[in-house]
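Next comes start01.txt, with compact mmCIF, C-alpha atoms.
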# COMPACT_ATOMS: atom_id res chain seq x y z
CA MET B 27 0.00 0.00 0.00
CA ALA B 28 1.17 3.53 -0.78
CA GLY B 29 -0.71 5.71 1.68
CA SER B 30 -4.41 4.98 1.20
CA LEU B 31 -3.87 3.64 -2.36
CA THR B 32 -3.45 0.03 -3.39
CA ASN B 33 -0.22 -0.87 -5.19
CA SER B 34 -1.96 -0.87 -8.58
CA GLU B 35 -3.65 2.48 -7.88
CA PHE B 36 -0.32 3.95 -6.83
CA ALA B 37 1.33 2.60 -10.00
CA PHE B 38 -1.34 4.08 -12.27
CA LYS B 39 -1.09 7.39 -10.39
CA LYS B 40 2.66 7.51 -10.98
CA LEU B 41 2.21 6.49 -14.62
CA GLY B 42 -0.34 9.26 -15.09
CA GLU B 43 2.01 11.83 -13.56
CA PHE B 44 4.80 10.65 -15.83
CA LYS B 45 2.54 10.73 -18.90
CA ASN B 46 1.57 14.35 -18.29
CA LYS B 47 5.22 15.41 -18.09
CA PHE B 48 6.33 13.22 -20.99
CA ASP B 49 3.54 14.32 -23.34
CA ARG B 50 4.59 17.96 -23.04
CA VAL B 51 8.19 17.12 -23.91
CA VAL B 52 7.40 14.77 -26.80
CA ARG B 53 4.93 17.26 -28.31
CA GLN B 54 7.51 20.03 -28.10
CA PHE B 55 10.05 17.81 -29.84
CA LEU B 56 7.69 16.65 -32.59
CA ASP B 57 6.31 20.14 -33.21
CA GLY B 58 9.90 21.22 -33.84
CA GLU B 59 10.31 18.42 -36.38
CA VAL B 60 7.10 19.52 -38.14
CA LYS B 61 8.44 23.08 -38.43
CA ARG B 62 11.69 21.79 -39.94
CA ALA B 63 9.80 19.60 -42.41
CA ASN B 64 7.57 22.55 -43.35
CA LYS B 65 10.62 24.57 -44.35
CA ILE B 66 11.51 21.87 -46.88
CA ASN B 67 7.98 21.42 -48.20
CA PRO B 68 4.60 22.09 -46.51
CA GLU B 69 3.40 18.68 -47.75
CA LEU B 70 6.12 17.04 -45.64
CA GLY B 71 4.99 19.03 -42.62
CA LYS B 72 1.43 17.86 -43.24
CA MET B 73 2.57 14.24 -43.36
CA LEU B 74 4.61 14.52 -40.18
CA LYS B 75 1.72 16.28 -38.42
CA ILE B 76 -0.33 13.12 -38.96
CA GLY B 77 2.46 11.26 -37.19
CA VAL B 78 2.44 13.78 -34.35
CA ASN B 79 -1.30 13.35 -33.90
CA PHE B 80 -0.89 9.58 -33.83
CA VAL B 81 1.84 9.71 -31.20
CA ILE B 82 0.10 12.28 -28.99
CA ASP B 83 -3.54 11.13 -29.22
CA GLY B 84 -3.49 8.05 -27.05
CA GLY B 85 -1.12 5.52 -25.57
CA LYS B 86 -0.18 4.73 -21.99
CA ARG B 87 3.53 5.69 -22.36
CA LEU B 88 4.64 2.44 -20.73
CA ARG B 89 7.90 2.18 -22.66
CA PRO B 90 9.28 5.65 -21.92
CA ALA B 91 8.01 5.29 -18.35
CA PHE B 92 10.11 2.17 -17.84
CA ILE B 93 13.18 4.05 -19.12
CA TYR B 94 12.41 6.87 -16.68
CA PHE B 95 11.85 4.62 -13.69
CA GLY B 96 14.71 2.31 -14.67
CA TYR B 97 16.96 5.35 -14.35
CA LYS B 98 15.36 6.40 -11.06
CA ALA B 99 15.92 2.89 -9.69
CA VAL B 100 19.68 3.50 -9.69
CA ARG B 101 20.25 7.25 -9.62
CA ARG B 102 18.62 10.45 -8.39
CA VAL B 103 17.34 12.51 -11.31
CA GLN B 104 19.35 15.74 -11.69
CA ASP B 105 17.96 16.86 -15.06
CA GLU B 106 14.39 15.64 -15.49
CA HIS B 107 13.87 17.30 -18.88
CA ALA B 108 16.95 15.53 -20.27
CA LEU B 109 15.71 12.19 -18.92
CA LEU B 110 12.23 12.74 -20.39
CA ARG B 111 13.79 13.62 -23.73
CA ALA B 112 15.96 10.49 -23.55
CA SER B 113 12.73 8.51 -23.19
CA ILE B 114 11.25 9.81 -26.48
CA PRO B 115 12.99 7.45 -28.93
CA ILE B 116 11.39 4.26 -27.61
CA GLU B 117 7.92 5.82 -27.97
CA LEU B 118 8.72 6.71 -31.60
CA VAL B 119 9.82 3.12 -32.24
CA HIS B 120 6.51 1.99 -30.73
CA ALA B 121 4.50 4.38 -32.92
CA SER B 122 6.38 3.19 -36.00
CA ALA B 123 5.67 -0.44 -35.15
CA LEU B 124 1.96 0.25 -34.59
CA ILE B 125 1.60 2.09 -37.91
CA HIS B 126 3.25 -0.77 -39.78
CA ASP B 127 1.28 -3.36 -37.80
CA ASP B 128 -2.00 -1.70 -38.77
CA VAL B 129 -1.01 -1.83 -42.44
CA ILE B 130 -0.08 -5.50 -42.12
CA ASP B 131 -3.39 -6.32 -40.39
CA ASN B 132 -5.40 -3.92 -42.60
CA SER B 133 -6.92 -2.47 -39.42
CA ASP B 134 -9.52 0.28 -39.70
CA THR B 135 -9.07 1.78 -36.23
CA ARG B 136 -6.45 2.23 -33.55
CA ARG B 137 -7.28 3.70 -30.13
CA GLY B 138 -10.81 4.38 -31.34
CA LYS B 139 -9.68 6.48 -34.31
CA PRO B 140 -8.90 5.76 -37.99
CA THR B 141 -5.52 4.13 -38.50
CA VAL B 142 -2.80 6.16 -40.19
CA HIS B 143 -3.08 4.37 -43.53
CA LYS B 144 -6.83 5.02 -43.49
CA VAL B 145 -6.21 8.72 -42.81
CA PHE B 146 -3.87 8.89 -45.81
CA ALA B 147 -6.27 6.83 -47.95
CA GLU B 148 -9.07 9.30 -47.21
CA MET B 149 -6.77 12.27 -47.85
CA PHE B 150 -5.68 11.02 -51.28
CA LYS B 151 -8.81 8.96 -52.10
CA ASN B 152 -6.60 5.94 -52.74
CA SER B 153 -6.23 2.97 -50.38
CA LYS B 154 -2.97 1.70 -51.90
CA LYS B 155 -1.41 5.13 -51.64
CA GLY B 156 -2.64 5.34 -48.06
CA GLU B 157 -0.77 2.15 -47.17
CA SER B 158 2.38 3.30 -48.97
CA LEU B 159 2.43 6.67 -47.21
CA ALA B 160 1.78 5.07 -43.82
CA ILE B 161 4.81 2.80 -44.33
CA ILE B 162 6.91 5.86 -45.19
CA LEU B 163 5.68 7.72 -42.09
CA GLY B 164 6.41 4.69 -39.94
CA ASP B 165 9.93 4.56 -41.37
CA LEU B 166 10.34 8.30 -40.74
CA LEU B 167 9.37 7.95 -37.07
CA PHE B 168 11.81 5.03 -36.79
CA SER B 169 14.53 7.27 -38.26
CA LEU B 170 13.68 10.09 -35.86
CA ALA B 171 13.98 7.62 -32.98
CA ASP B 172 17.54 6.84 -34.06
CA ALA B 173 18.42 10.48 -34.58
CA THR B 174 17.04 11.44 -31.17
CA PHE B 175 18.75 8.74 -29.12
CA SER B 176 21.91 10.57 -28.09
CA THR B 177 23.93 9.22 -25.21
CA LYS B 178 27.51 8.55 -24.18
CA SER B 179 26.41 5.21 -22.72
CA LYS B 180 27.39 2.50 -25.19
CA LEU B 181 25.44 -0.01 -23.11
CA ALA B 182 22.21 2.02 -23.30
CA LYS B 183 22.70 2.40 -27.07
CA MET B 184 23.23 -1.34 -27.40
CA PHE B 185 20.00 -2.09 -25.52
CA PHE B 186 18.13 0.43 -27.69
CA ASP B 187 19.47 -1.17 -30.87
CA GLU B 188 18.49 -4.60 -29.56
CA ALA B 189 14.96 -3.38 -28.81
CA LYS B 190 14.53 -2.15 -32.41
CA LYS B 191 15.87 -5.40 -33.81
CA GLU B 192 13.86 -7.65 -31.52
CA VAL B 193 10.47 -6.04 -32.19
CA ASN B 194 11.00 -6.80 -35.88
CA PHE B 195 12.08 -10.35 -35.06
CA GLY B 196 8.90 -10.81 -33.04
CA GLN B 197 6.71 -9.36 -35.79
CA TYR B 198 8.26 -11.67 -38.38
CA LEU B 199 7.86 -14.78 -36.23
CA ASP B 200 4.25 -13.81 -35.48
CA ILE B 201 3.37 -13.47 -39.18
CA ALA B 202 5.45 -16.43 -40.37
CA GLY B 203 3.91 -18.64 -37.67
CA ASP B 204 0.45 -18.07 -39.16
CA SER B 205 1.52 -20.02 -42.25
CA LEU B 206 2.80 -23.06 -40.37
CA ALA B 207 0.68 -26.09 -39.55
CA THR B 208 1.96 -26.03 -35.98
CA VAL B 209 4.28 -23.88 -33.88
CA ASP B 210 5.99 -25.15 -30.75
CA TYR B 211 6.04 -23.58 -27.31
CA ASN B 212 9.47 -22.02 -27.87
CA TRP B 213 8.24 -20.25 -31.02
CA ILE B 214 5.25 -18.79 -29.17
CA MET B 215 7.40 -17.62 -26.27
CA GLN B 216 9.87 -16.01 -28.68
CA VAL B 217 7.04 -14.04 -30.29
CA MET B 218 5.85 -12.90 -26.87
CA ARG B 219 9.35 -12.00 -25.72
CA TYR B 220 10.49 -10.13 -28.81
CA LYS B 221 7.24 -8.55 -29.96
CA THR B 222 6.05 -7.50 -26.51
CA ALA B 223 8.10 -8.22 -23.39
CA GLY B 224 11.48 -7.12 -24.74
CA TYR B 225 10.76 -3.69 -26.19
CA THR B 226 7.86 -2.90 -23.85
CA ILE B 227 9.39 -3.58 -20.46
CA GLU B 228 12.76 -5.34 -20.37
CA LYS B 229 14.78 -3.18 -22.76
CA PRO B 230 13.34 0.15 -21.56
CA LEU B 231 14.19 -0.79 -17.97
CA THR B 232 17.74 -1.74 -18.88
CA ILE B 233 18.16 1.35 -21.09
CA GLY B 234 17.14 3.58 -18.18
CA ALA B 235 19.36 1.73 -15.74
CA ALA B 236 22.31 1.90 -18.14
CA LEU B 237 21.77 5.66 -18.57
CA GLY B 238 21.92 5.90 -14.79
CA GLY B 239 25.22 3.99 -14.64
CA ALA B 240 23.83 0.80 -13.08
CA SER B 241 26.06 -2.17 -12.36
CA GLU B 242 25.93 -5.35 -14.46
CA THR B 243 24.18 -7.15 -11.59
CA ILE B 244 21.40 -4.57 -11.31
CA ILE B 245 20.91 -4.54 -15.10
CA SER B 246 20.76 -8.34 -15.17
CA ASN B 247 18.18 -8.39 -12.37
CA LEU B 248 16.06 -5.71 -14.08
CA SER B 249 16.23 -7.68 -17.33
CA LYS B 250 14.93 -10.85 -15.64
CA TYR B 251 12.27 -8.85 -13.80
CA GLY B 252 11.16 -7.11 -17.00
CA ILE B 253 10.77 -10.32 -19.01
CA ASN B 254 8.80 -12.01 -16.25
CA LEU B 255 6.61 -8.94 -15.74

Can the structure from this file be put into structure tokens for me?
Amino acid sequence: MAGSLTNSEFAFKKLGEFKNKFDRVVRQFLDGEVKRANKINPELGKMLKIGVNFVIDGGKRLRPAFIYFGYKAVRRVQDEHALLRASIPIELVHASALIHDDVIDNSDTRRGKPTVHKVFAEMFKNSKKGESLAIILGDLLFSLADATFSTKSKLAKMFFDEAKKEVNFGQYLDIAGDSLATVDYNWIMQVMRYKTAGYTIEKPLTIGAALGGASETIISNLSKYGINL
């Protein structure tokens, strides 16, 4: 119990507080990218604005929150804005994966709103073009994630690179498994680990801890905890 709150209520309260702070920082960052794209061509700014709306309008911010709290688990936060900004890239990777996933699944809605490829399809009155532009926007957000992840910690960068690789591994195994007559337990667990557990909880925790200068033992323990959670 945390005061009069249950553990789950306390956790959601903390997540909500983090989300409010993080959303301000990620919007500021993305609005700056829209302005830069507008200077090249207003059509590019319009495209990126659709990406901004997708990132901002919904989502629990679990992945950046685990980076934030992974850091706080090992070190007192001296520069909160810098830590919040360091948590942006994983959310952009997540947004990219969702946009691509919706194209793959031909989904009409995400978070109660039209998916990105449906937004583009309506804009250009062409479903194929909508899918193509959504893939491009997903790739752009993935590129921005790379460009934004700036750290002197080689370990944190390694974990971030692994997270990007693993989510694609998981997506491939998930889709490829649909075509097989049977898949074994190990295959299923690999899909769950790489598509969900790794880049949602485990890798963000270890990225945050690495940014905070955690020892190998603490990082190993957080990794095991994250996968099991």

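Remark: for Asn212 (chain B), the closest of the candidate residues B:Gly164, B:Leu110, B:Val81, B:Leu199 is B:Leu199 (distances computed over only C-alpha atoms).
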
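Nearest to Arg102 (chain B) of all the residues B:Asn254, B:Ala240, B:Gly71, B:Glu59 is B:Ala240, counting all atoms listed in the file.
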
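Proximity to Gly96 (chain B) was assessed for B:Glu242, B:Glu228, B:Glu35, B:Glu148 counting only C-alpha atoms; the smallest distance is recorded for B:Glu228.
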
Quick one: residues within 10 Å of (4.1, -0.7, -37.5) (file frame), counting only C-alpha atoms, please, as a PDB file with C-alpha atoms, keeping the file's coordinate frame.
ATOM      1  CA  VAL B 119       9.820   3.120 -32.240  1.00  0.00           C
ATOM      2  CA  HIS B 120       6.510   1.990 -30.730  1.00  0.00           C
ATOM      3  CA  ALA B 121       4.500   4.380 -32.920  1.00  0.00           C
ATOM      4  CA  SER B 122       6.380   3.190 -36.000  1.00  0.00           C
ATOM      5  CA  ALA B 123       5.670  -0.440 -35.150  1.00  0.00           C
ATOM      6  CA  LEU B 124       1.960   0.250 -34.590  1.00  0.00           C
ATOM      7  CA  ILE B 125       1.600   2.090 -37.910  1.00  0.00           C
ATOM      8  CA  HIS B 126       3.250  -0.770 -39.780  1.00  0.00           C
ATOM      9  CA  ASP B 127       1.280  -3.360 -37.800  1.00  0.00           C
ATOM     10  CA  ASP B 128      -2.000  -1.700 -38.770  1.00  0.00           C
ATOM     11  CA  VAL B 129      -1.010  -1.830 -42.440  1.00  0.00           C
ATOM     12  CA  ILE B 130      -0.080  -5.500 -42.120  1.00  0.00           C
ATOM     13  CA  ASP B 131      -3.390  -6.320 -40.390  1.00  0.00           C
ATOM     14  CA  ALA B 160       1.780   5.070 -43.820  1.00  0.00           C
ATOM     15  CA  ILE B 161       4.810   2.800 -44.330  1.00  0.00           C
ATOM     16  CA  LEU B 163       5.680   7.720 -42.090  1.00  0.00           C
ATOM     17  CA  GLY B 164       6.410   4.690 -39.940  1.00  0.00           C
ATOM     18  CA  ASP B 165       9.930   4.560 -41.370  1.00  0.00           C
ATOM     19  CA  PHE B 168      11.810   5.030 -36.790  1.00  0.00           C
ATOM     20  CA  VAL B 193      10.470  -6.040 -32.190  1.00  0.00           C
ATOM     21  CA  ASN B 194      11.000  -6.800 -35.880  1.00  0.00           C
ATOM     22  CA  GLN B 197       6.710  -9.360 -35.790  1.00  0.00           C
TER      23      GLN B 197
END

Give me the residues within 12 Å of Lys180 (chain B) as a ChimeraX atom specification, counting all atoms listed in the file and dropping any in the same chain fewer than 3 places off. /B:175-177,183-187,233,236-237,239

Using all atoms listed in the file, collect all residues at a distance of at most 9 Å from (15.6, 8.8, -32.0) as written in the file, then present them as a ChimeraX atom specification. /B:112,114-116,118-119,167-176

CA of Lys61 (chain B) and CA of Asp83 (chain B) are how many Å apart? 19.3 Å

Option closest in space to Thr232 (chain B), from B:Ile82, B:Ala63, B:Ile93, B:Ile162 [counting only C-alpha atoms]: B:Ile93

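If you look at CA of Ser133 (chain B) and CA of Arg87 (chain B), they are 21.6 Å away from each other.
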
Using CA of Lys154 (chain B) and CA of Glu69 (chain B) as the two end points, give the distance in Å to one decimal. 18.6 Å

Under the rule that only C-alpha atoms are counted, which of B:Asn67, B:Thr32, B:Ser113, B:Ser158 is the nearest residue to Val51 (chain B)? B:Ser113

Quick one: axis-aligned box around all listed atoms of region 62-66 of chain B, 6 Å on every side, centre and edge lengths in Å to one decimal, written as JSON.
{"center_x": 9.6, "center_y": 22.1, "center_z": -43.4, "size_x": 16.1, "size_y": 17.0, "size_z": 18.9}

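Using all atoms listed in the file, the shortest contact distance between Phe44 (chain B) and any of B:Gly234, B:Gly156, B:Pro90, B:Gly58 is found at B:Pro90.
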
Hey, what's within 9 Å of Leu56 (chain B) if we count all atoms listed in the file and toss same-chain stuff fewer than 3 positions away? As JSON, numbers by chain, please? {"B": [51, 52, 53, 59, 60, 61, 74, 75, 77, 78]}

What would region 118-146 of chain B look like with N, CA and C atoms in place, written as a compact mmCIF listing (two decimals), in the frame of the given file?
# COMPACT_ATOMS: atom_id res chain seq x y z
N LEU B 118 8.77 6.57 -30.14
CA LEU B 118 8.72 6.71 -31.60
C LEU B 118 8.87 5.35 -32.27
N VAL B 119 9.70 4.49 -31.72
CA VAL B 119 9.82 3.12 -32.24
C VAL B 119 8.47 2.41 -32.11
N HIS B 120 7.82 2.60 -30.97
CA HIS B 120 6.51 1.99 -30.73
C HIS B 120 5.48 2.49 -31.74
N ALA B 121 5.45 3.79 -31.96
CA ALA B 121 4.50 4.38 -32.92
C ALA B 121 4.76 3.84 -34.32
N SER B 122 6.02 3.75 -34.69
CA SER B 122 6.38 3.19 -36.00
C SER B 122 5.88 1.76 -36.14
N ALA B 123 6.10 0.96 -35.11
CA ALA B 123 5.67 -0.44 -35.15
C ALA B 123 4.15 -0.56 -35.26
N LEU B 124 3.43 0.29 -34.54
CA LEU B 124 1.96 0.25 -34.59
C LEU B 124 1.44 0.63 -35.98
N ILE B 125 2.03 1.66 -36.57
CA ILE B 125 1.60 2.09 -37.91
C ILE B 125 1.81 0.97 -38.92
N HIS B 126 2.97 0.34 -38.87
CA HIS B 126 3.25 -0.77 -39.78
C HIS B 126 2.35 -1.97 -39.48
N ASP B 127 2.13 -2.23 -38.20
CA ASP B 127 1.28 -3.36 -37.80
C ASP B 127 -0.14 -3.19 -38.31
N ASP B 128 -0.64 -1.97 -38.28
CA ASP B 128 -2.00 -1.70 -38.77
C ASP B 128 -2.10 -1.90 -40.28
N VAL B 129 -1.02 -1.57 -41.00
CA VAL B 129 -1.01 -1.83 -42.44
C VAL B 129 -1.02 -3.33 -42.69
N ILE B 130 -0.17 -4.05 -41.96
CA ILE B 130 -0.08 -5.50 -42.12
C ILE B 130 -1.43 -6.16 -41.85
N ASP B 131 -2.11 -5.71 -40.79
CA ASP B 131 -3.39 -6.32 -40.39
C ASP B 131 -4.58 -5.70 -41.11
N ASN B 132 -4.32 -4.66 -41.91
CA ASN B 132 -5.40 -3.92 -42.60
C ASN B 132 -6.47 -3.46 -41.60
N SER B 133 -6.01 -2.91 -40.49
CA SER B 133 -6.92 -2.47 -39.42
C SER B 133 -7.55 -1.12 -39.78
N ASP B 134 -8.80 -0.96 -39.43
CA ASP B 134 -9.52 0.28 -39.70
C ASP B 134 -9.31 1.32 -38.60
N THR B 135 -9.17 0.84 -37.36
CA THR B 135 -9.07 1.78 -36.23
C THR B 135 -7.94 1.40 -35.30
N ARG B 136 -7.46 2.41 -34.60
CA ARG B 136 -6.45 2.23 -33.55
C ARG B 136 -6.77 3.27 -32.48
N ARG B 137 -6.94 2.81 -31.25
CA ARG B 137 -7.28 3.70 -30.13
C ARG B 137 -8.58 4.46 -30.40
N GLY B 138 -9.51 3.78 -31.08
CA GLY B 138 -10.81 4.38 -31.34
C GLY B 138 -10.85 5.39 -32.47
N LYS B 139 -9.75 5.52 -33.21
CA LYS B 139 -9.68 6.48 -34.31
C LYS B 139 -9.18 5.78 -35.57
N PRO B 140 -9.38 6.39 -36.75
CA PRO B 140 -8.90 5.76 -37.99
C PRO B 140 -7.39 5.55 -37.94
N THR B 141 -6.95 4.40 -38.43
CA THR B 141 -5.52 4.13 -38.50
C THR B 141 -4.85 5.09 -39.47
N VAL B 142 -3.54 5.19 -39.38
CA VAL B 142 -2.80 6.16 -40.19
C VAL B 142 -2.98 5.90 -41.68
N HIS B 143 -2.94 4.63 -42.09
CA HIS B 143 -3.08 4.37 -43.53
C HIS B 143 -4.50 4.69 -44.01
N LYS B 144 -5.48 4.61 -43.12
CA LYS B 144 -6.83 5.02 -43.49
C LYS B 144 -6.95 6.55 -43.59
N VAL B 145 -6.23 7.25 -42.74
CA VAL B 145 -6.21 8.72 -42.81
C VAL B 145 -5.61 9.16 -44.15
N PHE B 146 -4.50 8.55 -44.53
CA PHE B 146 -3.87 8.89 -45.81
C PHE B 146 -4.76 8.48 -46.99
